[in-house]
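What follows is a short report on a single structure.
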Amino acid sequence: MTKVRVPSGAGESRGPLGLLLVAVPVFLLGWMTVWPILSGLVTTLFPKDAAGFSLELYDRFFSDDYSLDNLRLTLWTCGVTSLILLAVSVPLALYLRFARGPLASYVQTLAMFPMFVPSIILAFAFIRVLGPNGTVDTILNALGLAKIRSPYLTVWGPVIGLVWDNIPLTVLILTSGLGAVPNPAIEAARDVGARPLTLFVHIILPRMWSSIFVVISLTILGLFTAFTLPYVLGPASPEMMGPFMQRTFSDLRNPEMALTQATIVMGFCILFGLFYVRSVARNRRD
Amino acid sequence: MLRRHFMLSVAGSAVGMLVLPKVAFAEAGTIDWYTNSDTNILDFWTNTVAPKFEVANPGLKLNIVDAGDGMDAITQRALAALETKTDPKADFIEQGDPLSPKGAMEAGLYANLKDSLSNWSKVNPLGIETDFAVPYRGSQVLLAFDGTKVTPEDAPKTFEDLVKWIKANPGQFIYNRPDKGGSGGNFVRRVIHEVNGRDPSKFTVENFTPEYAEKMLAPAWELLKDLAPSLFEGGAYTGGNTPSIQLLSQSAVTMIPAWSDMALQNIANGVLPETTGITQLTDLAFCGGFARSVVFANGANRDAAIKLADFVLTEEIQSAIISELGGFPGVAWDYVSADLRQKYQAVVPSSIPTFPGGDWGSAINDGWYRNVAPNVDRNA
């Protein structure tokens with residue numbers, strides 16, 4: 001995924017046909033991404049109430065503690081989810097890269113499983129299992145242990161759900177990144193007596209960084225717009241930007257403010273998007 | 001329901017939606033029937049009302065059409081047909097409002113059901129708004145509780161009792177965010193009624209101003225904030241009607257506000273145990289509403305449609321609305337079977353207050369999110 005090389009010789013046939021091939025995606029990108037961003041910027045910077053250019057809507061957002069709390073929670077959730085996601089997925093990817101045999105393929109199937117589960121199903125399963133008096137509580141109770149404090153309806157609810165939901169993509173990208181680690185390098189290091197940790201830090205990790213950056217930026221882009229899991233599993237307040245934007249738009253019927261929130265979210269996403277583009281570009285240069 | 005039957009009915013209605021509008025020519029004896037209600041209502045009509053009606057009235061048939069979001073178009077078409085004196089190709093609207101479109105009722109689009117229905121006298125007077133629409137089913141928010149922990153006698157009867165009960169049983173009550181479902185929404189509205197002298201007439205669509213709303217709603221936020229520490233997890237709020245019912249079914253809480261039809265249906269299909277109790281406040285009930293059917297006066301099968309509207313008010317169908325649909329009857333409770341009346345005695349409404357929507361809805365939701373929800377100290 002991170003290594004795309006144009007076969008040598010392909011360059012000669014480039015020309016009108018190549019341009020034609022990219023015309024459709026470029027047009028779609030312009031129409032469905034660039035245009036809405038520009039129109040959002042114009043609408044929010046030239047609000048209806050003001051005569052001309054005005055930062056009033058942004059001022060309202062950044063002077064409103066309630067909105068800021070929601071933004072802070074979104075950033076916090078993004079950060080914590082990415083960290084936990086890496087902590088879970090890196091060992092999994094390492095295992096899948098180096099393990100052989102039938103067990104590994106079962107693990108791989110299992111790791112891909114969340115990809116095929118719609119998040120609304122996941123949310124209700126979560127309530128049954130980790131919710132109050134759910135399966136986990138029942139098992140703990142049967143073992144004579146204390147009840148857990150359920151993460152349902154706390155900020156940890158969406159974190160757990162989002163981690164689970166994002167495992168497949170993360171593992172896929174990391175595993176493909178690990179493909180760049182040549183076996184001879186590892187064997188050579190082992191031969192000179194490198195221990196697993198040294199092996200990981202000095203041989204494997206340096207070749208993984210770019211895929212880790214790609215994973216983090218892709219995950220965070222997804223988390224910013226997450227809706228179902230924060231809505232069903234999270235607390236009423238502070239809420240993540242996804243449900244907050246939806247509520248502002250349809251419930252409070254304030255499309256201007258919702259657009260402002262979306263533009264601010266877009267700003268953060270562009271930051272992480274740049275991060276992603278840079279990682280990919282650097283990877284290609286390698 | 002068997003999965004095969006389910007699949008068949010899903011496939012059937014999917015095909016039906018594609019095919020029916022095209023063959024919906026007004027045919028003598030075929031009532032063109034439209035709804036925009038949920039699938040459970042469509043199923044109820046398809047599987048219960050239509051077969052019974054067709055057996056009772058040989059020669060008459062129902063052409064059941066799910067109008068989805070297109071209900072306005074059907075009504076507009078009927079209004080246009082009234083002006084051009086053509087056939088609207090629609091006879092019966094399962095849930096309609098004779099006040100819309102504006103002026104349609106005065107122009108004579110809707111049949112006067114008060115004069116034409118022999119069963120009109122049975123209709124619950126609480127549900128009558130105009131003579132042109134027959135309230136045939138209703139639902140209302142009520143309290144659902146775990147009958148193994150609270151006896152019906154100890155269940156709160158007034159709002160004051162409820163507050164006392166919530167405070168005496170910390171962590172055992174939860175309601176959903178008011179914008180995410182009517183059960184929590186109407187609980188919040190009941191609080192607003194409570195702090196404003198239990199007088200629903202103080203709130204109308206027209207009297208909304210931001211200042212008036214601020215004045216009327218502020219005391220409700222105080223009361224709700226005061227309740228928060230005694231709620232589930234010290235002030236958690238579920239994301240909808242169903243998650244609240246789920247918490248009750250998992251015995252994580254003892255009492256929730258719930259829609260009557262959802263509570264009864266969940267008890268009937270075993271999601272909530274048989275022991276679940278339901279009760280309504282007696283000082284002022286939670287808000288609710290009726291679904292009202294209308295008949296187009298210019299429909300080709302007008303008389304047959306009126307027969308259908310009359311048929312829906314019979315004891316047979318009204319009892320089925322309670323037992324199969326989990327709804328409230330549209331007729332006064334004296335006209336449903338005695339054992340059903342006995343069984344649901346606690347929920348028989350003596351009043352069904354309503355709350356205006358529009359700006360009030362936005363003010364309530366935003367006010368709640370800003371004032372009540374953040375006041376949660378999760379570490380307390």
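Ordered as shown in the structure tokens, chains take letters A, B, and onward, while each chain numbers its residues from 1 and ligands are numbered from 1 in the order shown.
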*Taking only C-alpha atoms into account, what are the residues of chain A at most 10 Å from chain B, put as a PyMOL selection string?*
chain A and resi 65-67+69+124+127-128+131-134+149-150+152-155+230-239+247-248+250-254
What would the file look like if the residues just selected were written as an mmCIF file, in the first residue's frame with N, CA and C atoms?
```
data_model
loop_
_atom_site.group_PDB
_atom_site.id
_atom_site.type_symbol
_atom_site.label_atom_id
_atom_site.label_comp_id
_atom_site.auth_asym_id
_atom_site.auth_seq_id
_atom_site.Cartn_x
_atom_site.Cartn_y
_atom_site.Cartn_z
ATOM 1 N N ASP A 65 -17.369 27.898 25.705
ATOM 2 C CA ASP A 65 -16.739 26.791 26.430
ATOM 3 C C ASP A 65 -17.321 25.444 26.037
ATOM 4 N N TYR A 66 -18.633 25.452 25.786
ATOM 5 C CA TYR A 66 -19.290 24.193 25.472
ATOM 6 C C TYR A 66 -18.721 23.597 24.180
ATOM 7 N N SER A 67 -18.602 24.456 23.148
ATOM 8 C CA SER A 67 -18.050 23.973 21.875
ATOM 9 C C SER A 67 -16.592 23.561 22.042
ATOM 10 N N ASP A 69 -15.093 22.471 24.709
ATOM 11 C CA ASP A 69 -15.027 21.188 25.416
ATOM 12 C C ASP A 69 -15.220 20.035 24.438
ATOM 13 N N PHE A 124 -24.325 -2.065 19.960
ATOM 14 C CA PHE A 124 -25.274 -2.783 20.815
ATOM 15 C C PHE A 124 -24.645 -4.040 21.417
ATOM 16 N N ILE A 127 -22.797 -2.927 24.438
ATOM 17 C CA ILE A 127 -23.645 -2.723 25.622
ATOM 18 C C ILE A 127 -23.952 -4.073 26.276
ATOM 19 N N ARG A 128 -24.187 -5.096 25.434
ATOM 20 C CA ARG A 128 -24.502 -6.411 26.008
ATOM 21 C C ARG A 128 -23.298 -6.983 26.752
ATOM 22 N N GLY A 131 -21.484 -3.502 28.938
ATOM 23 C CA GLY A 131 -22.450 -2.633 29.606
ATOM 24 C C GLY A 131 -22.739 -3.109 31.011
ATOM 25 N N PRO A 132 -23.495 -2.318 31.769
ATOM 26 C CA PRO A 132 -23.828 -2.706 33.129
ATOM 27 C C PRO A 132 -24.604 -4.025 33.130
ATOM 28 N N ASN A 133 -24.234 -4.923 34.025
ATOM 29 C CA ASN A 133 -24.831 -6.257 34.115
ATOM 30 C C ASN A 133 -24.703 -7.026 32.800
ATOM 31 N N GLY A 134 -23.697 -6.708 32.018
ATOM 32 C CA GLY A 134 -23.473 -7.429 30.770
ATOM 33 C C GLY A 134 -22.700 -8.705 31.003
ATOM 34 N N ARG A 149 -16.611 -1.050 36.682
ATOM 35 C CA ARG A 149 -17.334 0.172 36.365
ATOM 36 C C ARG A 149 -17.450 0.233 34.846
ATOM 37 N N SER A 150 -18.667 0.117 34.364
ATOM 38 C CA SER A 150 -18.846 -0.018 32.914
ATOM 39 C C SER A 150 -18.405 1.243 32.178
ATOM 40 N N TYR A 152 -19.588 2.107 29.442
ATOM 41 C CA TYR A 152 -20.740 2.567 28.681
ATOM 42 C C TYR A 152 -21.176 3.952 29.173
ATOM 43 N N LEU A 153 -21.401 4.865 28.240
ATOM 44 C CA LEU A 153 -21.827 6.237 28.515
ATOM 45 C C LEU A 153 -20.741 7.078 29.182
ATOM 46 N N THR A 154 -19.489 6.599 29.161
ATOM 47 C CA THR A 154 -18.382 7.456 29.575
ATOM 48 C C THR A 154 -17.500 7.684 28.344
ATOM 49 N N VAL A 155 -16.473 8.542 28.485
ATOM 50 C CA VAL A 155 -15.619 8.830 27.335
ATOM 51 C C VAL A 155 -14.867 7.589 26.861
ATOM 52 N N PRO A 230 -19.582 7.225 19.061
ATOM 53 C CA PRO A 230 -19.664 8.256 20.103
ATOM 54 C C PRO A 230 -21.108 8.561 20.499
ATOM 55 N N TYR A 231 -22.007 8.484 19.528
ATOM 56 C CA TYR A 231 -23.404 8.831 19.794
ATOM 57 C C TYR A 231 -24.062 7.789 20.698
ATOM 58 N N VAL A 232 -23.838 6.509 20.404
ATOM 59 C CA VAL A 232 -24.521 5.479 21.195
ATOM 60 C C VAL A 232 -23.771 5.180 22.493
ATOM 61 N N LEU A 233 -22.432 5.176 22.444
ATOM 62 C CA LEU A 233 -21.682 4.699 23.607
ATOM 63 C C LEU A 233 -21.151 5.820 24.494
ATOM 64 N N GLY A 234 -21.055 7.032 23.952
ATOM 65 C CA GLY A 234 -20.410 8.109 24.687
ATOM 66 C C GLY A 234 -21.337 8.829 25.649
ATOM 67 N N PRO A 235 -20.773 9.760 26.420
ATOM 68 C CA PRO A 235 -21.576 10.544 27.347
ATOM 69 C C PRO A 235 -22.380 11.612 26.600
ATOM 70 N N ALA A 236 -23.397 12.150 27.277
ATOM 71 C CA ALA A 236 -24.213 13.176 26.632
ATOM 72 C C ALA A 236 -23.383 14.437 26.424
ATOM 73 N N SER A 237 -22.482 14.700 27.375
ATOM 74 C CA SER A 237 -21.673 15.903 27.262
ATOM 75 C C SER A 237 -20.403 15.728 28.073
ATOM 76 N N PRO A 238 -19.227 16.158 27.608
ATOM 77 C CA PRO A 238 -19.017 16.692 26.262
ATOM 78 C C PRO A 238 -19.219 15.612 25.208
ATOM 79 N N GLU A 239 -19.600 16.029 24.024
ATOM 80 C CA GLU A 239 -19.837 15.082 22.942
ATOM 81 C C GLU A 239 -18.765 15.289 21.881
ATOM 82 N N ARG A 247 -26.156 17.457 15.466
ATOM 83 C CA ARG A 247 -27.184 18.032 16.335
ATOM 84 C C ARG A 247 -27.371 19.516 16.011
ATOM 85 N N THR A 248 -26.257 20.217 15.812
ATOM 86 C CA THR A 248 -26.353 21.638 15.507
ATOM 87 C C THR A 248 -27.090 21.846 14.192
ATOM 88 N N SER A 250 -29.260 19.613 12.400
ATOM 89 C CA SER A 250 -30.648 19.191 12.206
ATOM 90 C C SER A 250 -31.511 19.517 13.409
ATOM 91 N N ASP A 251 -30.936 19.483 14.595
ATOM 92 C CA ASP A 251 -31.764 19.639 15.780
ATOM 93 C C ASP A 251 -31.914 21.101 16.167
ATOM 94 N N LEU A 252 -30.797 21.818 16.157
ATOM 95 C CA LEU A 252 -30.867 23.242 16.496
ATOM 96 C C LEU A 252 -31.145 24.073 15.254
ATOM 97 N N ARG A 253 -31.193 23.404 14.108
ATOM 98 C CA ARG A 253 -31.459 24.041 12.818
ATOM 99 C C ARG A 253 -30.604 25.289 12.635
ATOM 100 N N ASN A 254 -29.319 25.110 12.836
ATOM 101 C CA ASN A 254 -28.385 26.215 12.698
ATOM 102 C C ASN A 254 -27.284 25.801 11.719
#
```
_Gly108 in chain B surroundings by only C-alpha atoms, 9 Å radius, close-in-sequence under 2 positions cut, as a ChimeraX atom specification_ = /B:82,103-106,110-112,296-298
What lies within 10 Å of range 314-326 of chain B using only C-alpha atoms, ignoring chain neighbours under 6 positions off, as a PDB file with N, CA, C and O atoms, in the first residue's frame?
```pdb
ATOM      1  N   ASN B  40     -43.877  -1.339  11.533  1.00  0.00           N
ATOM      2  CA  ASN B  40     -44.778  -2.107  12.413  1.00  0.00           C
ATOM      3  C   ASN B  40     -46.237  -1.767  12.121  1.00  0.00           C
ATOM      4  O   ASN B  40     -47.116  -2.630  12.178  1.00  0.00           O
ATOM      5  N   ILE B  41     -46.500  -0.513  11.750  1.00  0.00           N
ATOM      6  CA  ILE B  41     -47.868  -0.103  11.436  1.00  0.00           C
ATOM      7  C   ILE B  41     -48.301  -0.721  10.100  1.00  0.00           C
ATOM      8  O   ILE B  41     -49.415  -1.242   9.957  1.00  0.00           O
ATOM      9  N   ASP B  43     -47.163  -3.453   8.783  1.00  0.00           N
ATOM     10  CA  ASP B  43     -47.388  -4.880   9.016  1.00  0.00           C
ATOM     11  C   ASP B  43     -48.731  -5.121   9.684  1.00  0.00           C
ATOM     12  O   ASP B  43     -49.453  -6.056   9.352  1.00  0.00           O
ATOM     13  N   PHE B  44     -49.052  -4.259  10.641  1.00  0.00           N
ATOM     14  CA  PHE B  44     -50.300  -4.426  11.379  1.00  0.00           C
ATOM     15  C   PHE B  44     -51.491  -4.323  10.423  1.00  0.00           C
ATOM     16  O   PHE B  44     -52.424  -5.116  10.485  1.00  0.00           O
ATOM     17  N   THR B  48     -53.276  -7.756   9.820  1.00  0.00           N
ATOM     18  CA  THR B  48     -54.390  -7.839  10.756  1.00  0.00           C
ATOM     19  C   THR B  48     -55.629  -7.112  10.230  1.00  0.00           C
ATOM     20  O   THR B  48     -56.686  -7.724  10.046  1.00  0.00           O
ATOM     21  N   VAL B  49     -55.488  -5.817   9.969  1.00  0.00           N
ATOM     22  CA  VAL B  49     -56.683  -5.041   9.643  1.00  0.00           C
ATOM     23  C   VAL B  49     -57.246  -5.433   8.281  1.00  0.00           C
ATOM     24  O   VAL B  49     -58.440  -5.735   8.152  1.00  0.00           O
ATOM     25  N   LYS B  52     -59.074  -8.860   8.004  1.00  0.00           N
ATOM     26  CA  LYS B  52     -60.332  -8.858   8.765  1.00  0.00           C
ATOM     27  C   LYS B  52     -61.390  -8.016   8.058  1.00  0.00           C
ATOM     28  O   LYS B  52     -62.565  -8.383   8.005  1.00  0.00           O
ATOM     29  N   PHE B  53     -60.936  -6.866   7.519  1.00  0.00           N
ATOM     30  CA  PHE B  53     -61.873  -5.978   6.849  1.00  0.00           C
ATOM     31  C   PHE B  53     -62.422  -6.633   5.584  1.00  0.00           C
ATOM     32  O   PHE B  53     -63.619  -6.561   5.290  1.00  0.00           O
ATOM     33  N   ASN B 119     -69.429   4.680  14.647  1.00  0.00           N
ATOM     34  CA  ASN B 119     -68.681   4.432  15.884  1.00  0.00           C
ATOM     35  C   ASN B 119     -68.048   5.703  16.456  1.00  0.00           C
ATOM     36  O   ASN B 119     -67.280   5.626  17.410  1.00  0.00           O
ATOM     37  N   LYS B 122     -67.804   6.437  20.132  1.00  0.00           N
ATOM     38  CA  LYS B 122     -66.907   5.662  21.000  1.00  0.00           C
ATOM     39  C   LYS B 122     -65.528   6.302  21.117  1.00  0.00           C
ATOM     40  O   LYS B 122     -64.742   5.934  21.977  1.00  0.00           O
ATOM     41  N   TYR B 136     -57.313   6.817  15.892  1.00  0.00           N
ATOM     42  CA  TYR B 136     -57.614   5.387  16.014  1.00  0.00           C
ATOM     43  C   TYR B 136     -56.560   4.643  16.821  1.00  0.00           C
ATOM     44  O   TYR B 136     -56.766   3.508  17.222  1.00  0.00           O
ATOM     45  N   ARG B 137     -55.379   5.251  17.032  1.00  0.00           N
ATOM     46  CA  ARG B 137     -54.397   4.625  17.918  1.00  0.00           C
ATOM     47  C   ARG B 137     -53.580   5.740  18.546  1.00  0.00           C
ATOM     48  O   ARG B 137     -53.445   6.822  17.974  1.00  0.00           O
ATOM     49  N   GLY B 138     -53.024   5.462  19.718  1.00  0.00           N
ATOM     50  CA  GLY B 138     -52.241   6.492  20.373  1.00  0.00           C
ATOM     51  C   GLY B 138     -51.075   5.881  21.102  1.00  0.00           C
ATOM     52  O   GLY B 138     -50.945   4.655  21.202  1.00  0.00           O
ATOM     53  N   SER B 139     -50.190   6.737  21.558  1.00  0.00           N
ATOM     54  CA  SER B 139     -49.162   6.246  22.465  1.00  0.00           C
ATOM     55  C   SER B 139     -48.701   7.412  23.308  1.00  0.00           C
ATOM     56  O   SER B 139     -48.868   8.576  22.933  1.00  0.00           O
ATOM     57  N   TRP B 259     -41.961   4.886  25.917  1.00  0.00           N
ATOM     58  CA  TRP B 259     -43.188   4.990  25.131  1.00  0.00           C
ATOM     59  C   TRP B 259     -44.068   3.801  25.454  1.00  0.00           C
ATOM     60  O   TRP B 259     -43.577   2.670  25.521  1.00  0.00           O
ATOM     61  N   SER B 260     -45.366   4.037  25.603  1.00  0.00           N
ATOM     62  CA  SER B 260     -46.262   2.938  25.953  1.00  0.00           C
ATOM     63  C   SER B 260     -46.184   1.806  24.932  1.00  0.00           C
ATOM     64  O   SER B 260     -46.103   0.636  25.307  1.00  0.00           O
ATOM     65  N   ASP B 261     -46.176   2.154  23.634  1.00  0.00           N
ATOM     66  CA  ASP B 261     -46.200   1.061  22.654  1.00  0.00           C
ATOM     67  C   ASP B 261     -44.897   0.270  22.663  1.00  0.00           C
ATOM     68  O   ASP B 261     -44.904  -0.951  22.531  1.00  0.00           O
ATOM     69  N   MET B 262     -43.769   0.966  22.881  1.00  0.00           N
ATOM     70  CA  MET B 262     -42.494   0.237  22.941  1.00  0.00           C
ATOM     71  C   MET B 262     -42.449  -0.661  24.164  1.00  0.00           C
ATOM     72  O   MET B 262     -41.992  -1.805  24.099  1.00  0.00           O
ATOM     73  N   ALA B 263     -42.918  -0.139  25.298  1.00  0.00           N
ATOM     74  CA  ALA B 263     -42.889  -0.937  26.526  1.00  0.00           C
ATOM     75  C   ALA B 263     -43.760  -2.179  26.361  1.00  0.00           C
ATOM     76  O   ALA B 263     -43.314  -3.307  26.624  1.00  0.00           O
ATOM     77  N   LEU B 264     -45.001  -1.982  25.883  1.00  0.00           N
ATOM     78  CA  LEU B 264     -45.918  -3.119  25.769  1.00  0.00           C
ATOM     79  C   LEU B 264     -45.401  -4.133  24.744  1.00  0.00           C
ATOM     80  O   LEU B 264     -45.467  -5.342  24.968  1.00  0.00           O
ATOM     81  N   GLN B 265     -44.867  -3.631  23.630  1.00  0.00           N
ATOM     82  CA  GLN B 265     -44.360  -4.538  22.614  1.00  0.00           C
ATOM     83  C   GLN B 265     -43.159  -5.331  23.127  1.00  0.00           C
ATOM     84  O   GLN B 265     -43.033  -6.522  22.875  1.00  0.00           O
ATOM     85  N   ASN B 266     -42.283  -4.652  23.882  1.00  0.00           N
ATOM     86  CA  ASN B 266     -41.107  -5.339  24.408  1.00  0.00           C
ATOM     87  C   ASN B 266     -41.476  -6.350  25.485  1.00  0.00           C
ATOM     88  O   ASN B 266     -40.809  -7.365  25.633  1.00  0.00           O
ATOM     89  N   ILE B 267     -42.530  -6.049  26.235  1.00  0.00           N
ATOM     90  CA  ILE B 267     -42.995  -7.037  27.208  1.00  0.00           C
ATOM     91  C   ILE B 267     -43.573  -8.228  26.453  1.00  0.00           C
ATOM     92  O   ILE B 267     -43.303  -9.388  26.764  1.00  0.00           O
ATOM     93  N   ALA B 268     -44.353  -7.941  25.389  1.00  0.00           N
ATOM     94  CA  ALA B 268     -45.008  -9.015  24.637  1.00  0.00           C
ATOM     95  C   ALA B 268     -43.987  -9.934  23.965  1.00  0.00           C
ATOM     96  O   ALA B 268     -44.179 -11.140  23.924  1.00  0.00           O
ATOM     97  N   ALA B 332     -62.561   5.220  23.585  1.00  0.00           N
ATOM     98  CA  ALA B 332     -62.476   5.256  25.036  1.00  0.00           C
ATOM     99  C   ALA B 332     -62.291   3.822  25.532  1.00  0.00           C
ATOM    100  O   ALA B 332     -62.732   2.868  24.877  1.00  0.00           O
ATOM    101  N   TRP B 333     -61.628   3.680  26.664  1.00  0.00           N
ATOM    102  CA  TRP B 333     -61.250   2.337  27.114  1.00  0.00           C
ATOM    103  C   TRP B 333     -62.453   1.449  27.423  1.00  0.00           C
ATOM    104  O   TRP B 333     -62.315   0.233  27.518  1.00  0.00           O
ATOM    105  N   ASP B 334     -63.659   2.030  27.561  1.00  0.00           N
ATOM    106  CA  ASP B 334     -64.855   1.212  27.808  1.00  0.00           C
ATOM    107  C   ASP B 334     -65.175   0.332  26.615  1.00  0.00           C
ATOM    108  O   ASP B 334     -65.936  -0.622  26.726  1.00  0.00           O
ATOM    109  N   TYR B 335     -64.617   0.677  25.448  1.00  0.00           N
ATOM    110  CA  TYR B 335     -64.980  -0.059  24.243  1.00  0.00           C
ATOM    111  C   TYR B 335     -63.929  -1.077  23.822  1.00  0.00           C
ATOM    112  O   TYR B 335     -63.893  -1.486  22.679  1.00  0.00           O
ATOM    113  N   VAL B 336     -63.021  -1.444  24.710  1.00  0.00           N
ATOM    114  CA  VAL B 336     -62.126  -2.562  24.406  1.00  0.00           C
ATOM    115  C   VAL B 336     -62.474  -3.702  25.355  1.00  0.00           C
ATOM    116  O   VAL B 336     -63.191  -3.497  26.339  1.00  0.00           O
ATOM    117  N   SER B 337     -61.968  -4.890  25.047  1.00  0.00           N
ATOM    118  CA  SER B 337     -62.402  -6.047  25.824  1.00  0.00           C
ATOM    119  C   SER B 337     -62.015  -5.885  27.292  1.00  0.00           C
ATOM    120  O   SER B 337     -60.993  -5.275  27.631  1.00  0.00           O
ATOM    121  N   ALA B 338     -62.854  -6.445  28.146  1.00  0.00           N
ATOM    122  CA  ALA B 338     -62.751  -6.181  29.581  1.00  0.00           C
ATOM    123  C   ALA B 338     -61.420  -6.648  30.160  1.00  0.00           C
ATOM    124  O   ALA B 338     -60.821  -5.963  30.996  1.00  0.00           O
ATOM    125  N   LEU B 340     -58.496  -6.883  28.689  1.00  0.00           N
ATOM    126  CA  LEU B 340     -57.425  -5.965  28.294  1.00  0.00           C
ATOM    127  C   LEU B 340     -57.482  -4.690  29.132  1.00  0.00           C
ATOM    128  O   LEU B 340     -56.460  -4.171  29.576  1.00  0.00           O
ATOM    129  N   ARG B 341     -58.700  -4.226  29.340  1.00  0.00           N
ATOM    130  CA  ARG B 341     -58.884  -3.001  30.126  1.00  0.00           C
ATOM    131  C   ARG B 341     -58.311  -3.217  31.524  1.00  0.00           C
ATOM    132  O   ARG B 341     -57.629  -2.372  32.086  1.00  0.00           O
ATOM    133  N   TYR B 344     -54.354  -3.401  31.513  1.00  0.00           N
ATOM    134  CA  TYR B 344     -53.607  -2.169  31.282  1.00  0.00           C
ATOM    135  C   TYR B 344     -54.181  -0.989  32.050  1.00  0.00           C
ATOM    136  O   TYR B 344     -53.974   0.160  31.681  1.00  0.00           O
TER     137      TYR B 344
END
```
*Can you list, as a PyMOL selection string, every protein, DNA or RNA residue that comes within 12 Å of Asp91 in chain B when you count only C-alpha atoms, leaving out same-chain residues fewer than 2 positions away?*
chain B and resi 24-35+62-65+74-75+77-78+87-89+93-94+96+109-111+293-309
*DSSP helix (DSSP H, G or I) residues within range 207-313 of chain B, listed as a ChimeraX atom specification*: /B:210-230,232-234,241-249,260-268,302-312
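CA of Thr263 in chain A sits 12.2 Å away from CA of Val34 in chain A.
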_Distance of CA of Glu256 in chain A from CA of Leu45 in chain A, expressed in Å to one decimal place_ =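 One can read the CA of Leu45 in chain A to CA of Glu256 in chain A distance as 10.2 Å.
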_If I take CA of Leu174 in chain A and CA of Arg207 in chain A, how far is one from the other in Å, to one decimal?_
10.5 Å
_With DSSP run on the backbone, what are the strand (DSSP E or B) residues within range 95-145 of chain B? I'd like them as a PyMOL selection string._
chain B and resi 110+123+134-145
Let me see the file: selected residues, C-alpha atoms, as a CSV table (one decimal), in the first residue's frame.
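As written to disk, again_3.csv reads:
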```csv
chain,number,residue,atom,x,y,z
B,110,TYR,CA,-61.6,15.7,3.8
B,123,VAL,CA,-63.9,7.8,20.1
B,134,VAL,CA,-60.5,9.9,13.5
B,135,PRO,CA,-57.9,9.1,16.2
B,136,TYR,CA,-57.6,5.4,16.0
B,137,ARG,CA,-54.4,4.6,17.9
B,138,GLY,CA,-52.2,6.5,20.4
B,139,SER,CA,-49.2,6.2,22.5
B,140,GLN,CA,-47.9,8.1,25.4
B,141,VAL,CA,-44.8,8.2,27.6
B,142,LEU,CA,-45.1,6.4,30.9
B,143,LEU,CA,-42.9,4.9,33.6
B,144,ALA,CA,-41.7,1.3,33.1
B,145,PHE,CA,-40.3,-0.4,36.1
```
